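Below is the file model-v1.tsv, which contains TSV, C-alpha atoms and all ligand atoms.
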```
chain	number	residue	atom	x	y	z
A	1014	MET	CA	-32.29	1.96	-42.04
A	1015	SER	CA	-35.06	-0.66	-41.66
A	1016	ASP	CA	-38.43	-0.23	-43.36
A	1017	ARG	CA	-40.30	-0.18	-40.05
A	1018	THR	CA	-42.40	2.93	-39.34
A	1019	ARG	CA	-40.43	5.25	-37.08
A	1020	PHE	CA	-42.30	6.56	-34.05
A	1021	GLY	CA	-41.40	9.20	-31.51
A	1022	VAL	CA	-43.05	8.85	-28.10
A	1023	LEU	CA	-43.71	11.83	-25.81
A	1024	VAL	CA	-44.15	11.23	-22.07
A	1025	SER	CA	-44.45	13.32	-18.93
A	1026	GLY	CA	-44.61	10.67	-16.22
A	1027	SER	CA	-44.18	7.05	-15.29
A	1028	GLY	CA	-44.60	5.78	-18.83
A	1029	THR	CA	-46.46	2.49	-18.36
A	1030	ASN	CA	-48.10	3.11	-21.74
A	1031	LEU	CA	-44.68	3.80	-23.24
A	1032	GLN	CA	-43.57	0.44	-21.82
A	1033	ALA	CA	-46.50	-1.27	-23.52
A	1034	LEU	CA	-45.42	0.30	-26.83
A	1035	ILE	CA	-41.77	-0.64	-26.29
A	1036	ASP	CA	-42.72	-4.24	-25.48
A	1037	ALA	CA	-44.97	-4.45	-28.55
A	1038	SER	CA	-42.34	-2.93	-30.85
A	1039	MET	CA	-39.80	-5.52	-29.69
A	1040	THR	CA	-41.93	-8.48	-30.72
A	1041	ASP	CA	-40.94	-10.40	-33.85
A	1042	GLY	CA	-41.81	-8.69	-37.12
A	1043	HIS	CA	-43.48	-5.68	-35.49
A	1044	PRO	CA	-44.07	-2.90	-38.06
A	1045	ALA	CA	-43.05	-0.02	-35.74
A	1046	GLU	CA	-39.78	1.09	-34.28
A	1047	ILE	CA	-39.48	3.67	-31.49
A	1048	ALA	CA	-36.76	6.01	-32.70
A	1049	VAL	CA	-36.75	8.45	-29.76
A	1050	VAL	CA	-38.56	9.15	-26.47
A	1051	ILE	CA	-38.89	12.77	-25.36
A	1052	SER	CA	-40.07	14.19	-22.06
A	1053	ASN	CA	-40.72	17.71	-20.83
A	1054	ASN	CA	-40.00	16.36	-17.33
A	1055	GLU	CA	-36.40	15.45	-16.60
A	1056	GLU	CA	-37.50	13.18	-13.76
A	1057	ALA	CA	-40.03	11.21	-15.81
A	1058	PHE	CA	-39.50	7.49	-15.32
A	1059	GLY	CA	-40.47	7.11	-18.98
A	1060	LEU	CA	-37.00	8.41	-19.92
A	1061	GLU	CA	-35.43	5.68	-17.81
A	1062	ARG	CA	-37.62	3.06	-19.49
A	1063	ALA	CA	-36.36	4.27	-22.87
A	1064	ARG	CA	-32.71	4.11	-21.78
A	1065	GLN	CA	-33.22	0.61	-20.42
A	1066	ALA	CA	-34.58	-0.43	-23.83
A	1067	GLY	CA	-31.64	1.19	-25.68
A	1068	ILE	CA	-33.83	3.94	-27.16
A	1069	PRO	CA	-32.53	7.55	-27.29
A	1070	ALA	CA	-34.11	9.48	-24.38
A	1071	VAL	CA	-34.23	13.26	-24.62
A	1072	HIS	CA	-35.33	15.86	-22.08
A	1073	ILE	CA	-36.71	19.12	-23.49
A	1074	GLY	CA	-37.88	21.49	-20.77
A	1075	HIS	CA	-40.92	23.67	-21.35
A	1076	LYS	CA	-40.57	26.09	-18.45
A	1077	GLY	CA	-40.06	29.72	-19.36
A	1078	LYS	CA	-40.49	29.01	-23.09
A	1079	GLU	CA	-43.24	30.15	-25.42
A	1080	ARG	CA	-45.36	27.18	-26.48
A	1081	ALA	CA	-44.40	27.52	-30.13
A	1082	VAL	CA	-40.68	27.58	-29.27
A	1083	PHE	CA	-41.01	24.45	-27.15
A	1084	ASP	CA	-43.01	22.73	-29.89
A	1085	GLN	CA	-40.42	23.63	-32.53
A	1086	GLU	CA	-37.73	22.04	-30.38
A	1087	LEU	CA	-39.85	18.88	-30.16
A	1088	VAL	CA	-40.35	18.86	-33.93
A	1089	ASP	CA	-36.62	19.42	-34.61
A	1090	THR	CA	-35.67	16.50	-32.35
A	1091	LEU	CA	-38.30	14.19	-33.85
A	1092	VAL	CA	-37.27	15.08	-37.40
A	1093	ALA	CA	-33.59	14.57	-36.52
A	1094	HIS	CA	-34.51	11.01	-35.50
A	1095	GLY	CA	-36.39	10.36	-38.74
A	1096	VAL	CA	-39.77	10.14	-36.98
A	1097	GLU	CA	-42.91	9.68	-39.13
A	1098	TRP	CA	-45.57	9.15	-36.42
A	1099	VAL	CA	-45.84	10.40	-32.84
A	1100	ALA	CA	-47.50	8.72	-29.84
A	1101	LEU	CA	-48.47	10.75	-26.78
A	1102	ALA	CA	-48.19	8.38	-23.82
A	1103	GLY	CA	-49.24	10.46	-20.83
A	1104	PHE	CA	-47.83	13.67	-22.29
A	1105	MET	CA	-49.38	16.52	-20.34
A	1106	ARG	CA	-48.80	19.49	-22.65
A	1107	ILE	CA	-51.16	20.91	-25.27
A	1108	LEU	CA	-49.55	20.91	-28.71
A	1109	THR	CA	-49.72	23.99	-30.93
A	1110	PRO	CA	-50.20	24.21	-34.70
A	1111	THR	CA	-46.39	24.46	-34.95
A	1112	PHE	CA	-46.24	20.83	-33.91
A	1113	LEU	CA	-49.45	19.58	-35.47
A	1114	SER	CA	-48.70	20.94	-38.93
A	1115	ALA	CA	-45.41	19.01	-38.92
A	1116	PHE	CA	-47.22	15.73	-38.09
A	1117	HIS	CA	-50.70	16.32	-39.52
A	1118	ASN	CA	-53.01	13.38	-38.63
A	1119	ARG	CA	-49.96	11.41	-37.54
A	1120	VAL	CA	-50.16	11.97	-33.76
A	1121	ILE	CA	-52.02	9.46	-31.57
A	1122	ASN	CA	-53.00	10.03	-27.95
A	1123	ILE	CA	-54.32	7.70	-25.24
A	1124	HIS	CA	-56.98	9.20	-22.99
A	1125	PRO	CA	-58.37	7.53	-19.82
A	1126	ALA	CA	-62.10	8.03	-20.55
A	1127	LEU	CA	-64.69	7.49	-23.28
A	1128	LEU	CA	-64.33	10.73	-25.21
A	1129	PRO	CA	-66.00	13.12	-25.76
A	1130	SER	CA	-66.86	12.59	-22.07
A	1131	PHE	CA	-64.31	13.71	-19.52
A	1132	PRO	CA	-61.59	15.39	-21.63
A	1133	GLY	CA	-58.58	17.17	-20.15
A	1134	THR	CA	-56.74	15.97	-17.09
A	1135	HIS	CA	-57.84	13.20	-14.67
A	1136	GLY	CA	-60.43	11.61	-16.95
A	1137	GLN	CA	-60.76	8.66	-14.54
A	1138	LYS	CA	-61.35	10.94	-11.57
A	1139	GLN	CA	-63.95	12.95	-13.49
A	1140	ALA	CA	-65.82	9.73	-14.44
A	1141	PHE	CA	-65.73	8.46	-10.85
A	1142	ALA	CA	-67.06	11.77	-9.54
A	1143	ALA	CA	-69.85	11.81	-12.14
A	1144	GLY	CA	-71.05	8.38	-10.97
A	1145	VAL	CA	-71.14	6.80	-14.43
A	1146	ARG	CA	-71.55	3.01	-14.59
A	1147	ILE	CA	-69.33	2.57	-17.63
A	1148	THR	CA	-66.17	4.39	-18.59
A	1149	GLY	CA	-63.07	3.39	-20.53
A	1150	ALA	CA	-60.22	4.57	-22.68
A	1151	THR	CA	-59.90	6.24	-26.09
A	1152	VAL	CA	-57.15	6.41	-28.66
A	1153	HIS	CA	-57.58	9.39	-30.95
A	1154	LEU	CA	-55.68	11.43	-33.46
A	1155	VAL	CA	-54.61	14.77	-32.06
A	1156	ASP	CA	-55.93	18.07	-33.34
A	1157	SER	CA	-55.58	21.54	-31.86
A	1158	GLY	CA	-58.41	21.08	-29.32
A	1159	THR	CA	-58.19	19.36	-25.96
A	1160	ASP	CA	-58.90	15.68	-26.67
A	1161	THR	CA	-61.21	16.57	-29.57
A	1162	GLY	CA	-59.45	14.83	-32.48
A	1163	PRO	CA	-60.86	11.95	-34.56
A	1164	ILE	CA	-61.47	8.82	-32.46
A	1165	VAL	CA	-59.68	5.67	-33.65
A	1166	ALA	CA	-60.55	3.05	-31.02
A	1167	GLN	CA	-62.28	2.82	-27.65
A	1168	GLY	CA	-62.73	0.23	-24.95
A	1169	ALA	CA	-65.11	0.17	-21.99
A	1170	VAL	CA	-64.78	-0.91	-18.35
A	1171	PRO	CA	-67.46	-1.04	-15.66
A	1172	VAL	CA	-67.41	1.15	-12.57
A	1173	LEU	CA	-68.01	-1.30	-9.72
A	1174	GLU	CA	-69.80	-0.59	-6.44
A	1175	ALA	CA	-66.62	-1.33	-4.50
A	1176	ASP	CA	-64.41	0.88	-6.67
A	1177	THR	CA	-62.28	3.71	-5.40
A	1178	GLU	CA	-60.70	6.23	-7.74
A	1179	GLU	CA	-57.51	4.16	-7.53
A	1180	THR	CA	-59.05	0.79	-8.42
A	1181	LEU	CA	-60.96	2.35	-11.30
A	1182	GLN	CA	-57.81	4.06	-12.55
A	1183	GLN	CA	-55.97	0.73	-12.49
A	1184	ARG	CA	-58.72	-1.04	-14.46
A	1185	ILE	CA	-58.63	1.71	-17.10
A	1186	LEU	CA	-54.83	1.60	-17.26
A	1187	SER	CA	-54.87	-2.16	-17.96
A	1188	LEU	CA	-57.25	-1.49	-20.84
A	1189	GLU	CA	-55.01	1.32	-22.12
A	1190	HIS	CA	-52.09	-1.11	-22.26
A	1191	CYS	CA	-54.05	-3.25	-24.79
A	1192	LEU	CA	-55.72	-0.47	-26.75
A	1193	PHE	CA	-52.73	1.79	-27.36
A	1194	PRO	CA	-50.33	-0.88	-28.76
A	1195	MET	CA	-53.13	-2.03	-31.06
A	1196	VAL	CA	-53.56	1.40	-32.65
A	1197	PHE	CA	-49.77	1.87	-32.66
A	1198	ARG	CA	-49.55	-1.24	-34.86
A	1199	TRP	CA	-52.37	-0.13	-37.18
A	1200	ALA	CA	-50.79	3.30	-37.64
A	1201	ALA	CA	-47.43	1.67	-38.45
A	1202	GLU	CA	-49.15	-0.58	-40.98
A	1203	GLY	CA	-50.65	2.46	-42.74
A	1204	ARG	CA	-54.24	1.46	-41.87
A	1205	VAL	CA	-55.30	4.70	-40.14
A	1206	SER	CA	-56.65	7.63	-42.16
A	1207	VAL	CA	-58.96	10.63	-41.72
A	1208	THR	CA	-61.77	11.72	-44.03
A	1209	ASP	CA	-64.02	14.70	-43.27
A	1210	GLY	CA	-62.85	14.75	-39.65
A	1211	ARG	CA	-63.58	11.06	-39.01
A	1212	ALA	CA	-60.90	8.44	-38.51
A	1213	SER	CA	-61.13	5.13	-40.27
A	1214	VAL	CA	-59.06	2.00	-39.92
A	1215	ASP	CA	-58.67	-0.38	-42.81
A	1216	LEU	CA	-59.20	-3.76	-41.13
A	1217	PRO	CA	-60.54	-7.12	-42.27
A	1218	GLU	CA	-64.19	-7.53	-41.21
A	1219	GLY	CA	-63.34	-10.10	-38.52
A	1220	GLU	CA	-61.00	-7.64	-36.81
A	1221	GLN	CA	-63.24	-4.57	-36.76
A	1222	ARG	CA	-64.57	-5.47	-33.31
A	1223	PHE	CA	-61.16	-4.44	-31.92
A	1224	LEU	CA	-62.13	-0.84	-32.71
A	1225	TRP	CA	-64.60	-0.92	-29.84
A	1226	GLY	CA	-62.46	-3.10	-27.59
A	1227	ALA	CA	-64.42	-6.35	-27.97
A	1301	LIG	C1	-52.59	7.40	-18.64
A	1301	LIG	O1	-53.71	7.02	-17.86
A	1301	LIG	C2	-53.04	8.23	-19.82
A	1301	LIG	O2	-54.27	7.81	-20.36
A	1301	LIG	C3	-53.17	9.59	-19.20
A	1301	LIG	O3	-52.04	9.69	-18.37
A	1301	LIG	C4	-51.71	8.41	-17.88
A	1301	LIG	C5	-50.24	8.17	-18.12
A	1301	LIG	O4	-49.82	6.98	-17.50
A	1301	LIG	N1	-53.19	10.63	-20.18
A	1301	LIG	C6	-53.98	11.70	-20.10
A	1301	LIG	O5	-54.69	11.92	-19.14
A	1301	LIG	C7	-53.90	12.64	-21.29
A	1301	LIG	N2	-54.95	13.61	-21.21
A	1301	LIG	P1	-48.43	6.33	-17.90
A	1301	LIG	O6	-47.36	7.43	-17.78
A	1301	LIG	O7	-48.23	5.26	-16.87
A	1301	LIG	O8	-48.53	5.80	-19.30
```
Written as structure tokens, that's how I'd like the structure from this file.
Ligand code: GAR
Amino acid sequence: MSDRTRFGVLVSGSGTNLQALIDASMTDGHPAEIAVVISNNEEAFGLERARQAGIPAVHIGHKGKERAVFDQELVDTLVAHGVEWVALAGFMRILTPTFLSAFHNRVINIHPALLPSFPGTHGQKQAFAAGVRITGATVHLVDSGTDTGPIVAQGAVPVLEADTEETLQQRILSLEHCLFPMVFRWAAEGRVSVTDGRASVDLPEGEQRFLWGA
């Protein structure tokens, strides 16, 4: 087995963020390897993206199962693939302590807003409706709340006069595709830690501006 950090990626939908992680992981000397992609949705295009990249793609349905049972199945599959870190790339299920205790402070999530504003679903839509002038994307570590875990990195985008929900969503998504692979790399390099509920990233001074997307 290589000494690259083994990630599992969980998706529920189209998986453009998964694709950004796959593309990053396939670059020369990248410190992370995606060992398995799991979806609760059999139809998720993310599973197809994984297959196309030669990565094991697993469907685990959640319907009719208790949350803890579903989460244990996720954990068992991740552990069977030797996973050390997990990335949630548009995974639309809340994880229970069953899952989080197995991967304590080793689960990253991408959210389409500047947390703690606009948590939950449709962060872009919520920002558009609120009429904010600036919004963005957040990568955070996952805890048992809804998008409440320690923030690792954020980037901002403007909301333009001519924007529709769709154009704003697209601008945020482009930002996500830069931000998420960046934190993915830092996690794989062992730079991300949590102290007293705050995340910190061990970066050279010249690179710290990446934490706020500059
Ligand atoms: C992304 O915008 C991601 O931030 C969002 O789902 C989308 C998935 O797109 N996640 C959440 O809203 C989580 N609360 P993708 O499948 O193309 O990566």
Neighbouring residues of ligand LIG 1301 (chain A) are defined here as those with any atom at most 6 Å from a ligand atom, counting all atoms listed in the file; list them as a PyMOL selection string. chain A and resi 1026-1031+1102-1103+1123-1125+1133-1135+1186
For region 1080-1097 of chain A, list every protein, DNA or RNA residue within 6 Å, evaluated using only C-alpha atoms, and leave out those in the same chain fewer than 4 positions away; present the list as a PDB file with C-alpha atoms, keeping the file's coordinate frame.
```
ATOM      1  CA  ARG A1019     -40.430   5.250 -37.080  1.00  0.00           C
ATOM      2  CA  PHE A1020     -42.300   6.560 -34.050  1.00  0.00           C
ATOM      3  CA  GLY A1021     -41.400   9.200 -31.510  1.00  0.00           C
ATOM      4  CA  HIS A1075     -40.920  23.670 -21.350  1.00  0.00           C
ATOM      5  CA  PHE A1112     -46.240  20.830 -33.910  1.00  0.00           C
TER       6      PHE A1112
END
```
Show me, as a ChimeraX atom specification, the residues that have an atom within 10 Å of Leu1060 (chain A) when counting all atoms listed in the file, minus same-chain residues fewer than 2 positions from it. /A:1023-1028,1031,1049-1052,1054-1058,1062-1066,1068-1072
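Interatomic distance, CA of Asp1016 (chain A) to CA of Val1099 (chain A): 16.7 Å.
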So which one's closest to Pro1163 (chain A), A:Gln1183, A:Thr1148, A:Gln1137, A:Ser1213? Using all atoms listed in the file, please.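 Using all atoms listed in the file, the shortest distance to Pro1163 (chain A) belongs to A:Ser1213.
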A:Ile1107, A:Ala1166, A:Ala1140, A:Val1207: which is nearest Gln1182 (chain A), counting all atoms listed in the file?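 Looking only at the distances to Gln1182 (chain A), the closest residue turns out to be A:Ala1140.
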Can you list every residue of region 1076-1154 of chain A that has an atom at most 9 Å from region 1191-1198 of chain A, with its nearest atom pair and the distance in Å to one decimal, using all atoms listed in the file, ordered by chain then number, as a Markdown table?
```
| residue | atom | partner | partner_atom | distance |
| --- | --- | --- | --- | --- |
| A:Ala1100 | CA | A:Phe1197 | CA | 7.7 |
| A:Ala1102 | CA | A:Phe1193 | CA | 8.8 |
| A:Ile1121 | CA | A:Phe1197 | CA | 8.0 |
| A:Asn1122 | CA | A:Phe1193 | CA | 8.3 |
| A:Ile1123 | CA | A:Phe1193 | CA | 6.5 |
| A:Ala1150 | CA | A:Leu1192 | CA | 7.9 |
| A:Thr1151 | CA | A:Leu1192 | CA | 7.9 |
| A:Val1152 | CA | A:Phe1193 | CA | 6.5 |
```
Best match for closeness to Ala1169 (chain A) among A:Ala1142, A:Leu1128, A:Ala1200, A:Ile1047, counting only C-alpha atoms: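 For Ala1169 (chain A), the nearest of the given residues is A:Leu1128.
When only C-alpha atoms are used to measure the gap to Gly1158 (chain A), the shortest distance among A:Ala1037, A:Gly1074, A:Leu1173, A:Pro1110 belongs to A:Pro1110.
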Calculate, to one decimal in Å, the centre and edge lengths of the box along x, y and z of the file that holds all listed atoms of region 1071-1087 of chain A with 5 Å of margin on each side, and present them as JSON.
```
{"center_x": -39.8, "center_y": 21.7, "center_z": -25.5, "size_x": 21.1, "size_y": 26.9, "size_z": 24.1}
```
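Taking CA of Phe1104 (chain A) as the reference point, CA of Glu1220 (chain A) is found at 29.0 Å.
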Between CA of Arg1184 (chain A) and CA of Met1105 (chain A) - distance in Å to one decimal: 20.7 Å
Rebuild region 1070-1106 of chain A to N, CA and C atoms - output it as a PDB file, in the coordinates of the input, please.
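So rebuild-v8.pdb came out as:
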```pdb
ATOM      1  N   ALA A1070     -33.181   8.827 -25.319  1.00  0.00           N
ATOM      2  CA  ALA A1070     -34.110   9.480 -24.380  1.00  0.00           C
ATOM      3  C   ALA A1070     -33.681  10.936 -24.253  1.00  0.00           C
ATOM      4  N   VAL A1071     -34.591  11.846 -24.552  1.00  0.00           N
ATOM      5  CA  VAL A1071     -34.230  13.260 -24.620  1.00  0.00           C
ATOM      6  C   VAL A1071     -35.140  14.074 -23.701  1.00  0.00           C
ATOM      7  N   HIS A1072     -34.536  14.931 -22.887  1.00  0.00           N
ATOM      8  CA  HIS A1072     -35.330  15.860 -22.080  1.00  0.00           C
ATOM      9  C   HIS A1072     -35.359  17.221 -22.774  1.00  0.00           C
ATOM     10  N   ILE A1073     -36.575  17.746 -22.982  1.00  0.00           N
ATOM     11  CA  ILE A1073     -36.710  19.120 -23.490  1.00  0.00           C
ATOM     12  C   ILE A1073     -37.630  19.856 -22.526  1.00  0.00           C
ATOM     13  N   GLY A1074     -37.080  20.764 -21.766  1.00  0.00           N
ATOM     14  CA  GLY A1074     -37.880  21.490 -20.770  1.00  0.00           C
ATOM     15  C   GLY A1074     -38.804  22.494 -21.419  1.00  0.00           C
ATOM     16  N   HIS A1075     -39.966  22.703 -20.774  1.00  0.00           N
ATOM     17  CA  HIS A1075     -40.920  23.670 -21.350  1.00  0.00           C
ATOM     18  C   HIS A1075     -40.968  24.957 -20.541  1.00  0.00           C
ATOM     19  N   LYS A1076     -40.387  24.937 -19.348  1.00  0.00           N
ATOM     20  CA  LYS A1076     -40.570  26.090 -18.450  1.00  0.00           C
ATOM     21  C   LYS A1076     -39.883  27.335 -19.000  1.00  0.00           C
ATOM     22  N   GLY A1077     -40.612  28.445 -18.929  1.00  0.00           N
ATOM     23  CA  GLY A1077     -40.060  29.720 -19.360  1.00  0.00           C
ATOM     24  C   GLY A1077     -39.962  29.869 -20.873  1.00  0.00           C
ATOM     25  N   LYS A1078     -40.540  28.918 -21.623  1.00  0.00           N
ATOM     26  CA  LYS A1078     -40.490  29.010 -23.090  1.00  0.00           C
ATOM     27  C   LYS A1078     -41.867  29.270 -23.638  1.00  0.00           C
ATOM     28  N   GLU A1079     -41.952  30.028 -24.718  1.00  0.00           N
ATOM     29  CA  GLU A1079     -43.240  30.150 -25.420  1.00  0.00           C
ATOM     30  C   GLU A1079     -43.599  28.776 -25.972  1.00  0.00           C
ATOM     31  N   ARG A1080     -44.916  28.496 -26.012  1.00  0.00           N
ATOM     32  CA  ARG A1080     -45.360  27.180 -26.480  1.00  0.00           C
ATOM     33  C   ARG A1080     -44.810  26.828 -27.851  1.00  0.00           C
ATOM     34  N   ALA A1081     -44.834  27.813 -28.759  1.00  0.00           N
ATOM     35  CA  ALA A1081     -44.400  27.520 -30.130  1.00  0.00           C
ATOM     36  C   ALA A1081     -42.901  27.202 -30.181  1.00  0.00           C
ATOM     37  N   VAL A1082     -42.139  27.831 -29.301  1.00  0.00           N
ATOM     38  CA  VAL A1082     -40.680  27.580 -29.270  1.00  0.00           C
ATOM     39  C   VAL A1082     -40.422  26.169 -28.768  1.00  0.00           C
ATOM     40  N   PHE A1083     -41.126  25.806 -27.688  1.00  0.00           N
ATOM     41  CA  PHE A1083     -41.010  24.450 -27.150  1.00  0.00           C
ATOM     42  C   PHE A1083     -41.404  23.425 -28.214  1.00  0.00           C
ATOM     43  N   ASP A1084     -42.529  23.682 -28.878  1.00  0.00           N
ATOM     44  CA  ASP A1084     -43.010  22.730 -29.890  1.00  0.00           C
ATOM     45  C   ASP A1084     -42.029  22.601 -31.054  1.00  0.00           C
ATOM     46  N   GLN A1085     -41.394  23.713 -31.433  1.00  0.00           N
ATOM     47  CA  GLN A1085     -40.420  23.630 -32.530  1.00  0.00           C
ATOM     48  C   GLN A1085     -39.221  22.776 -32.125  1.00  0.00           C
ATOM     49  N   GLU A1086     -38.847  22.871 -30.847  1.00  0.00           N
ATOM     50  CA  GLU A1086     -37.730  22.040 -30.380  1.00  0.00           C
ATOM     51  C   GLU A1086     -38.118  20.556 -30.425  1.00  0.00           C
ATOM     52  N   LEU A1087     -39.375  20.274 -30.062  1.00  0.00           N
ATOM     53  CA  LEU A1087     -39.850  18.880 -30.160  1.00  0.00           C
ATOM     54  C   LEU A1087     -39.768  18.414 -31.614  1.00  0.00           C
ATOM     55  N   VAL A1088     -40.317  19.236 -32.514  1.00  0.00           N
ATOM     56  CA  VAL A1088     -40.350  18.860 -33.930  1.00  0.00           C
ATOM     57  C   VAL A1088     -38.921  18.621 -34.448  1.00  0.00           C
ATOM     58  N   ASP A1089     -38.002  19.538 -34.114  1.00  0.00           N
ATOM     59  CA  ASP A1089     -36.620  19.420 -34.610  1.00  0.00           C
ATOM     60  C   ASP A1089     -35.999  18.097 -34.151  1.00  0.00           C
ATOM     61  N   THR A1090     -36.260  17.741 -32.894  1.00  0.00           N
ATOM     62  CA  THR A1090     -35.670  16.500 -32.350  1.00  0.00           C
ATOM     63  C   THR A1090     -36.299  15.283 -33.011  1.00  0.00           C
ATOM     64  N   LEU A1091     -37.624  15.326 -33.209  1.00  0.00           N
ATOM     65  CA  LEU A1091     -38.300  14.190 -33.850  1.00  0.00           C
ATOM     66  C   LEU A1091     -37.799  14.026 -35.291  1.00  0.00           C
ATOM     67  N   VAL A1092     -37.709  15.145 -35.994  1.00  0.00           N
ATOM     68  CA  VAL A1092     -37.270  15.080 -37.400  1.00  0.00           C
ATOM     69  C   VAL A1092     -35.819  14.569 -37.466  1.00  0.00           C
ATOM     70  N   ALA A1093     -34.991  15.015 -36.538  1.00  0.00           N
ATOM     71  CA  ALA A1093     -33.590  14.570 -36.520  1.00  0.00           C
ATOM     72  C   ALA A1093     -33.479  13.057 -36.323  1.00  0.00           C
ATOM     73  N   HIS A1094     -34.506  12.475 -35.705  1.00  0.00           N
ATOM     74  CA  HIS A1094     -34.510  11.010 -35.500  1.00  0.00           C
ATOM     75  C   HIS A1094     -35.328  10.285 -36.573  1.00  0.00           C
ATOM     76  N   GLY A1095     -35.687  11.002 -37.621  1.00  0.00           N
ATOM     77  CA  GLY A1095     -36.390  10.360 -38.740  1.00  0.00           C
ATOM     78  C   GLY A1095     -37.790   9.900 -38.412  1.00  0.00           C
ATOM     79  N   VAL A1096     -38.444  10.578 -37.446  1.00  0.00           N
ATOM     80  CA  VAL A1096     -39.770  10.140 -36.980  1.00  0.00           C
ATOM     81  C   VAL A1096     -40.862  10.473 -38.001  1.00  0.00           C
ATOM     82  N   GLU A1097     -41.776   9.489 -38.205  1.00  0.00           N
ATOM     83  CA  GLU A1097     -42.910   9.680 -39.130  1.00  0.00           C
ATOM     84  C   GLU A1097     -44.231   9.828 -38.372  1.00  0.00           C
ATOM     85  N   TRP A1098     -44.365   9.122 -37.250  1.00  0.00           N
ATOM     86  CA  TRP A1098     -45.570   9.150 -36.420  1.00  0.00           C
ATOM     87  C   TRP A1098     -45.175   9.442 -34.979  1.00  0.00           C
ATOM     88  N   VAL A1099     -46.108  10.062 -34.238  1.00  0.00           N
ATOM     89  CA  VAL A1099     -45.840  10.400 -32.840  1.00  0.00           C
ATOM     90  C   VAL A1099     -46.930   9.793 -31.959  1.00  0.00           C
ATOM     91  N   ALA A1100     -46.534   9.221 -30.825  1.00  0.00           N
ATOM     92  CA  ALA A1100     -47.500   8.720 -29.840  1.00  0.00           C
ATOM     93  C   ALA A1100     -47.344   9.518 -28.553  1.00  0.00           C
ATOM     94  N   LEU A1101     -48.476  10.040 -28.059  1.00  0.00           N
ATOM     95  CA  LEU A1101     -48.470  10.750 -26.780  1.00  0.00           C
ATOM     96  C   LEU A1101     -48.877   9.751 -25.704  1.00  0.00           C
ATOM     97  N   ALA A1102     -47.940   9.414 -24.837  1.00  0.00           N
ATOM     98  CA  ALA A1102     -48.190   8.380 -23.820  1.00  0.00           C
ATOM     99  C   ALA A1102     -48.135   9.034 -22.442  1.00  0.00           C
ATOM    100  N   GLY A1103     -49.241   9.731 -22.099  1.00  0.00           N
ATOM    101  CA  GLY A1103     -49.240  10.460 -20.830  1.00  0.00           C
ATOM    102  C   GLY A1103     -48.403  11.722 -20.942  1.00  0.00           C
ATOM    103  N   PHE A1104     -48.553  12.408 -22.079  1.00  0.00           N
ATOM    104  CA  PHE A1104     -47.830  13.670 -22.290  1.00  0.00           C
ATOM    105  C   PHE A1104     -48.782  14.802 -21.933  1.00  0.00           C
ATOM    106  N   MET A1105     -48.424  15.585 -20.927  1.00  0.00           N
ATOM    107  CA  MET A1105     -49.380  16.520 -20.340  1.00  0.00           C
ATOM    108  C   MET A1105     -49.192  17.967 -20.804  1.00  0.00           C
ATOM    109  N   ARG A1106     -48.886  18.148 -22.080  1.00  0.00           N
ATOM    110  CA  ARG A1106     -48.800  19.490 -22.650  1.00  0.00           C
ATOM    111  C   ARG A1106     -49.721  19.556 -23.869  1.00  0.00           C
TER     112      ARG A1106
END
```
